[in-house]
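Worksheet: the structure to be examined is printed underneath.
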Amino acid sequence: MATTPNIDNKRYQGLIISIALFLSLIGALLAFTFYTSSLLERNTALIDQTNQVANSAQSVIKDLFDLDNSYGEDTSSPHIQRVLNRLEENTSLITNSLSAIEQGGKITDSTGESYNLPKVDDSAQANIAAAKEQWQALEPKIQTYLKDADNIMVPSADDLTRAVEQAKTSSLLINDSLDNLTRDVFSNAERQATTIRLIQVLGVAAIFAYFLIFVFFFVRRLRETDAEAAAARRETQEIMETVNTGLFLLDKDLKIGQQHSRALNGIIGADNLAGENFTSVLRGRISDKDLNTTKQFIEQLYNPRVKEKLVDSLNPLHKVMLHDAGENKGADSRFLDFKFSRVYDKKDIARILVNVNDVSDAVYLEQRLEKERSQNDMQIEMLTTILNVNPKIINEFIANTDAHINKMNNILKNPGSSQYELENKLKAIYREMHSLKGEASALKLHSFTKIASDAEDKLHALQNQGQLSGNDFLPLAVHLDDLLSLSNTIATLGERINRSAPTPTKPATTKKTTALNDAMAKESAVKTATPDVAINHQPASLSIGGITIAGGQDIDLNDEPENDQLSFYRDFAKDIAARQGKQIQLNSHTLAQVNIPEHLAKPIKEIGIQLLRNAVVHGVEAPSVRHSLGKETAGKIDLEVQDNGQEVMLIVQDDGQGIDYDSIRHKLVAENHVDNEAASQLTHNDLLKQLFSSGFSTKEDADEDGGRGVGLDIIKSLVKDYDGKLNVNSERGKMTRFVITLPKA
């Protein structure tokens, strides 16, 4: 009994060694296959890169001709700027690509994916050198032109002419060299493919021969397991009969062959498939567009000049949804994956072998994983906000979000009978949604911002559709549910963090809380002094429902130590500036010193967000414009809060372009609000009133930061709700100042 393990070990030792050697041979063959595949992939990447360089060269000469023909056009026009940007990008791409092709380095395509290019032989190097020589003759002339192309003060006609003339010669020679290079790479790839096939055939033969030897020497030892093997074969046969895959052949007329796997009927969901036309089986179960594409795809498979691997990526039936053809259409819809392979009779393509699998579970799993990934990303975003923002600000956001959602929900519940009531209902919801989006954007809660922006798109469409009905507002309830769910998620995450946080032995003080405590101490110990003011000029005043828009005052402000609120506003303004391609510097020396009454904290914060966004988007110019005007590159924005005992004043001033009244006139005419004659009669007061109306904006395209005409409408509404005053002072090309005064009582 004790010697049995040793006998078993000796009995199976040779078998284990033989299997290990057999697997080693297979592993070596697979490793070689992977290596050669990588080699062919690099050759393909090299071919793609040469084609891309050729295309870019054609684009360069086309753009040069375009610029030559358009010379004299305003260099700041969208057309010229677009062509100049494209010319610069293609010039850089050709220079980098030629160097990478020559040295066999790493190249990154437009999608961000990197490829390793192989080193080329001497003949290919000659073609690269020829292409590079011509490009080095053309590229400096292009760079010379681009240097001052958009500078109207520097004539660039001669530089452009020299670049065009050089391009006429160089582009053709570059393309010829790249074509020769492509042919060399193709020839090299074919030689490599022949060698690879030979080695693979020899490897398979060696593996097969070894297998025969293995069977010959060990067949007697396997006789004892014949009964088990027979039982295993029967089980395998049963599995194959029930396996969830289908196989069939297609002829040139797209008819299904007489023989197909037993599982095919169940996968397709139809009986008697033999001899049926493949398109007839699919008709009504996939879209007509996919059906026509499938016909064309199979026709290309029968075309011997078309490479099978090249068209495989165009397969229209890859993970396609197949609808049920019965009465309960859509009830049994599944995702099927069809794979097509050519069957050859000598050198002719005889049939197309189709392998179809039901991949519904995999597709649904991918969809669920994608949904979970999105939810995880959202929670990570929220956690980042919670961990990096003062808890007071987070709690204010949650409370404000609930208030906005409840208010919008109450507005939605109000049916509204007349068109006037429905339009006011729409404006009220728009204001609440825009305010909520502004706070979410300030906290970098992109999930909130995205949902709110989608809702704003629907609201904007309703504003432009003319006639409204109560049913038009129903889809907005979905967005409110999503926003409320996200708000609850933030609150839950915050509670979990607070519960899991260990209790320190002594109070932990962070930089933010220390700054906030200092600010609170100053609020109780220091009375804010009202700075001296100097009136520059008195523009016309305007009254909008109790709101006064009139001449303002310039206030000399200095920076004070930053607190949480100032940090919040600065981060918010800088994020907007980054998206708008601008630079700003936000200053304040009173924000930390004034104790804002609790009932005014929310409106002042909302108004501050809207005014800061308005200053960055509409007030401060782009750095290039500011430089041309002799201003500092970064625009200055001052945000101050003052308390005179009876009232709290919020002052936001920028040193930007000021209010463009002519632009307001043109927009009113363009949107058919007034005609040209009536627009010319409008005073500055009338134009300011339009600027504060709902849905009106001088920005051409709406984005996350502006262009919907809601921000100033929100300010007007809040000031009216709190019995306040609004003062606007603007000087064209120099500054704009908003002063919001809210009574404390």
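Ordering of the structure tokens sets the chain letters (A, B, ...); residue numbers start at 1 within each chain; ligands are numbered from 1 in the order shown.
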Check your understanding: So which residues touch Glu606 of chain A within 10 Å, counting only C-alpha atoms, skipping near sequence neighbours fewer than 6 positions away, as a list in words?
Key -> Asn400, Ser435, Leu436, Gly438, Glu439, Gly711, Ile714, Ile715 and Leu718 of chain A
May I have the selected residues written with C-alpha atoms, as a CSV table (one decimal), in the first residue's frame?
chain,number,residue,atom,x,y,z
A,400,ASN,CA,-30.2,75.2,-2.3
A,435,SER,CA,-29.2,79.1,-10.9
A,436,LEU,CA,-28.9,75.4,-9.9
A,438,GLY,CA,-24.4,77.8,-11.9
A,439,GLU,CA,-23.9,76.5,-8.3
A,711,GLY,CA,-28.3,85.0,-16.0
A,714,ILE,CA,-32.2,85.7,-12.6
A,715,ILE,CA,-30.5,88.7,-11.0
A,718,LEU,CA,-33.9,88.0,-7.2
Exercise for review: Write out as number ranges by chain all residues of segment 170-348 of chain A that backbone DSSP assigns to strand (DSSP E).
Suggested key: A: 245-250, 256-260, 320-322, 334-345, 348
Can I get the selected residues back with N, CA and C atoms, as a PDB file, in the first residue's frame?
ATOM      1  N   THR A 245     -24.288  28.023 -30.546  1.00  0.00           N
ATOM      2  CA  THR A 245     -23.623  28.612 -31.705  1.00  0.00           C
ATOM      3  C   THR A 245     -24.225  28.021 -32.965  1.00  0.00           C
ATOM      4  N   GLY A 246     -24.212  28.782 -34.036  1.00  0.00           N
ATOM      5  CA  GLY A 246     -24.793  28.328 -35.296  1.00  0.00           C
ATOM      6  C   GLY A 246     -23.816  28.476 -36.437  1.00  0.00           C
ATOM      7  N   LEU A 247     -23.775  27.457 -37.307  1.00  0.00           N
ATOM      8  CA  LEU A 247     -22.889  27.463 -38.466  1.00  0.00           C
ATOM      9  C   LEU A 247     -23.706  27.187 -39.719  1.00  0.00           C
ATOM     10  N   PHE A 248     -23.449  27.949 -40.799  1.00  0.00           N
ATOM     11  CA  PHE A 248     -24.091  27.678 -42.079  1.00  0.00           C
ATOM     12  C   PHE A 248     -23.275  28.324 -43.183  1.00  0.00           C
ATOM     13  N   LEU A 249     -23.552  27.913 -44.446  1.00  0.00           N
ATOM     14  CA  LEU A 249     -22.860  28.421 -45.615  1.00  0.00           C
ATOM     15  C   LEU A 249     -23.799  29.301 -46.431  1.00  0.00           C
ATOM     16  N   LEU A 250     -23.205  30.329 -47.059  1.00  0.00           N
ATOM     17  CA  LEU A 250     -23.953  31.218 -47.944  1.00  0.00           C
ATOM     18  C   LEU A 250     -23.338  31.161 -49.338  1.00  0.00           C
ATOM     19  N   ILE A 256     -28.994  30.167 -47.880  1.00  0.00           N
ATOM     20  CA  ILE A 256     -28.406  29.361 -46.808  1.00  0.00           C
ATOM     21  C   ILE A 256     -28.262  27.930 -47.290  1.00  0.00           C
ATOM     22  N   GLY A 257     -27.122  27.282 -47.004  1.00  0.00           N
ATOM     23  CA  GLY A 257     -26.869  25.915 -47.443  1.00  0.00           C
ATOM     24  C   GLY A 257     -27.811  24.909 -46.801  1.00  0.00           C
ATOM     25  N   GLN A 258     -27.807  23.728 -47.377  1.00  0.00           N
ATOM     26  CA  GLN A 258     -28.705  22.677 -46.894  1.00  0.00           C
ATOM     27  C   GLN A 258     -28.282  22.144 -45.530  1.00  0.00           C
ATOM     28  N   GLN A 259     -27.009  22.276 -45.179  1.00  0.00           N
ATOM     29  CA  GLN A 259     -26.507  21.780 -43.905  1.00  0.00           C
ATOM     30  C   GLN A 259     -26.189  22.962 -42.995  1.00  0.00           C
ATOM     31  N   HIS A 260     -26.663  22.845 -41.781  1.00  0.00           N
ATOM     32  CA  HIS A 260     -26.329  23.862 -40.786  1.00  0.00           C
ATOM     33  C   HIS A 260     -26.422  23.232 -39.402  1.00  0.00           C
ATOM     34  N   VAL A 320     -25.339  42.705 -33.552  1.00  0.00           N
ATOM     35  CA  VAL A 320     -26.516  43.396 -34.035  1.00  0.00           C
ATOM     36  C   VAL A 320     -27.739  42.930 -33.255  1.00  0.00           C
ATOM     37  N   MET A 321     -28.697  43.843 -33.032  1.00  0.00           N
ATOM     38  CA  MET A 321     -29.934  43.469 -32.353  1.00  0.00           C
ATOM     39  C   MET A 321     -30.880  42.850 -33.371  1.00  0.00           C
ATOM     40  N   LEU A 322     -31.306  41.602 -33.096  1.00  0.00           N
ATOM     41  CA  LEU A 322     -32.231  40.882 -33.966  1.00  0.00           C
ATOM     42  C   LEU A 322     -33.589  40.850 -33.285  1.00  0.00           C
ATOM     43  N   ARG A 334     -32.798  39.971 -29.351  1.00  0.00           N
ATOM     44  CA  ARG A 334     -31.510  39.494 -28.831  1.00  0.00           C
ATOM     45  C   ARG A 334     -30.389  40.123 -29.636  1.00  0.00           C
ATOM     46  N   PHE A 335     -29.185  40.055 -29.084  1.00  0.00           N
ATOM     47  CA  PHE A 335     -27.994  40.519 -29.787  1.00  0.00           C
ATOM     48  C   PHE A 335     -27.259  39.302 -30.330  1.00  0.00           C
ATOM     49  N   LEU A 336     -27.052  39.272 -31.632  1.00  0.00           N
ATOM     50  CA  LEU A 336     -26.346  38.178 -32.293  1.00  0.00           C
ATOM     51  C   LEU A 336     -25.071  38.711 -32.924  1.00  0.00           C
ATOM     52  N   ASP A 337     -24.056  37.862 -32.926  1.00  0.00           N
ATOM     53  CA  ASP A 337     -22.770  38.222 -33.513  1.00  0.00           C
ATOM     54  C   ASP A 337     -22.485  37.282 -34.678  1.00  0.00           C
ATOM     55  N   PHE A 338     -22.495  37.815 -35.901  1.00  0.00           N
ATOM     56  CA  PHE A 338     -22.232  37.032 -37.107  1.00  0.00           C
ATOM     57  C   PHE A 338     -20.776  37.243 -37.513  1.00  0.00           C
ATOM     58  N   LYS A 339     -20.078  36.138 -37.789  1.00  0.00           N
ATOM     59  CA  LYS A 339     -18.711  36.201 -38.299  1.00  0.00           C
ATOM     60  C   LYS A 339     -18.689  35.511 -39.660  1.00  0.00           C
ATOM     61  N   PHE A 340     -18.078  36.169 -40.643  1.00  0.00           N
ATOM     62  CA  PHE A 340     -18.061  35.680 -42.018  1.00  0.00           C
ATOM     63  C   PHE A 340     -16.633  35.318 -42.416  1.00  0.00           C
ATOM     64  N   SER A 341     -16.479  34.135 -43.010  1.00  0.00           N
ATOM     65  CA  SER A 341     -15.166  33.674 -43.473  1.00  0.00           C
ATOM     66  C   SER A 341     -15.320  33.069 -44.867  1.00  0.00           C
ATOM     67  N   ARG A 342     -14.321  33.278 -45.710  1.00  0.00           N
ATOM     68  CA  ARG A 342     -14.353  32.725 -47.061  1.00  0.00           C
ATOM     69  C   ARG A 342     -14.003  31.239 -47.069  1.00  0.00           C
ATOM     70  N   VAL A 343     -14.688  30.495 -47.937  1.00  0.00           N
ATOM     71  CA  VAL A 343     -14.382  29.079 -48.168  1.00  0.00           C
ATOM     72  C   VAL A 343     -13.892  28.970 -49.605  1.00  0.00           C
ATOM     73  N   TYR A 344     -12.666  28.485 -49.786  1.00  0.00           N
ATOM     74  CA  TYR A 344     -12.045  28.451 -51.106  1.00  0.00           C
ATOM     75  C   TYR A 344     -12.143  27.061 -51.727  1.00  0.00           C
ATOM     76  N   ASP A 345     -12.356  27.031 -53.038  1.00  0.00           N
ATOM     77  CA  ASP A 345     -12.209  25.825 -53.862  1.00  0.00           C
ATOM     78  C   ASP A 345     -11.036  26.092 -54.778  1.00  0.00           C
ATOM     79  N   ASP A 348     -10.558  29.800 -56.029  1.00  0.00           N
ATOM     80  CA  ASP A 348     -11.831  30.500 -56.160  1.00  0.00           C
ATOM     81  C   ASP A 348     -12.580  30.509 -54.830  1.00  0.00           C
TER      82      ASP A 348
END
**Study point:** Selection: 8 Å around Ala130 of chain A, only C-alpha atoms, excl. self and same-chain fewer than 2 positions, as a PyMOL selection string
**Key:** chain A and resi 126-128+132-134+173-174+177
Would you save the residues from that selection as a PDB file, in the first residue's frame, using C-alpha atoms?
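Saved result, part-v2.pdb, follows:
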ATOM      1  CA  ALA A 126      16.191  56.661 -49.863  1.00  0.00           C
ATOM      2  CA  ASN A 127      12.499  57.363 -50.461  1.00  0.00           C
ATOM      3  CA  ILE A 128      12.140  58.858 -46.990  1.00  0.00           C
ATOM      4  CA  LYS A 132      12.192  64.780 -46.255  1.00  0.00           C
ATOM      5  CA  GLU A 133      14.477  66.799 -48.543  1.00  0.00           C
ATOM      6  CA  GLN A 134      11.485  68.250 -50.377  1.00  0.00           C
ATOM      7  CA  LEU A 173       7.841  64.773 -55.223  1.00  0.00           C
ATOM      8  CA  ILE A 174       6.822  64.042 -51.623  1.00  0.00           C
ATOM      9  CA  SER A 177       8.526  59.239 -52.622  1.00  0.00           C
TER      10      SER A 177
END
Check your understanding: A:Asp654, A:Asp179, A:Glu139, A:Asp643: which is nearest Leu93 of chain A, counting only C-alpha atoms?
Key ->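 Looking only at the distances to Leu93 of chain A, the closest residue turns out to be A:Glu139.
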Exercise for review: Could you find all residues in segment 169-411 of chain A that DSSP calls helix (DSSP H, G or I) from the backbone, and write them as number ranges by chain?
Suggested key: A: 169-242, 263-268, 278-282, 288-301, 308-312, 360-388, 391-411
Review point. Could you state the separation of atom CA of Glu495 of chain A and atom CA of Asp564 of chain A in Å, given to one decimal place?
Key: 21.2 Å
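Relative to atom CA of Tyr302 of chain A, atom CA of Asn265 of chain A is found at 25.4 Å.
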Check your understanding: What is the atom CA of Ser487 of chain A-atom CA of Gln367 of chain A distance in Å, reported with one decimal?
Key ->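 One can read the atom CA of Ser487 of chain A to atom CA of Gln367 of chain A distance as 24.5 Å.
Using only C-alpha atoms for every distance, the candidate list A:Met408, A:Leu445, A:Leu317, A:Leu264 yields A:Leu445 as the residue closest to Leu486 of chain A.
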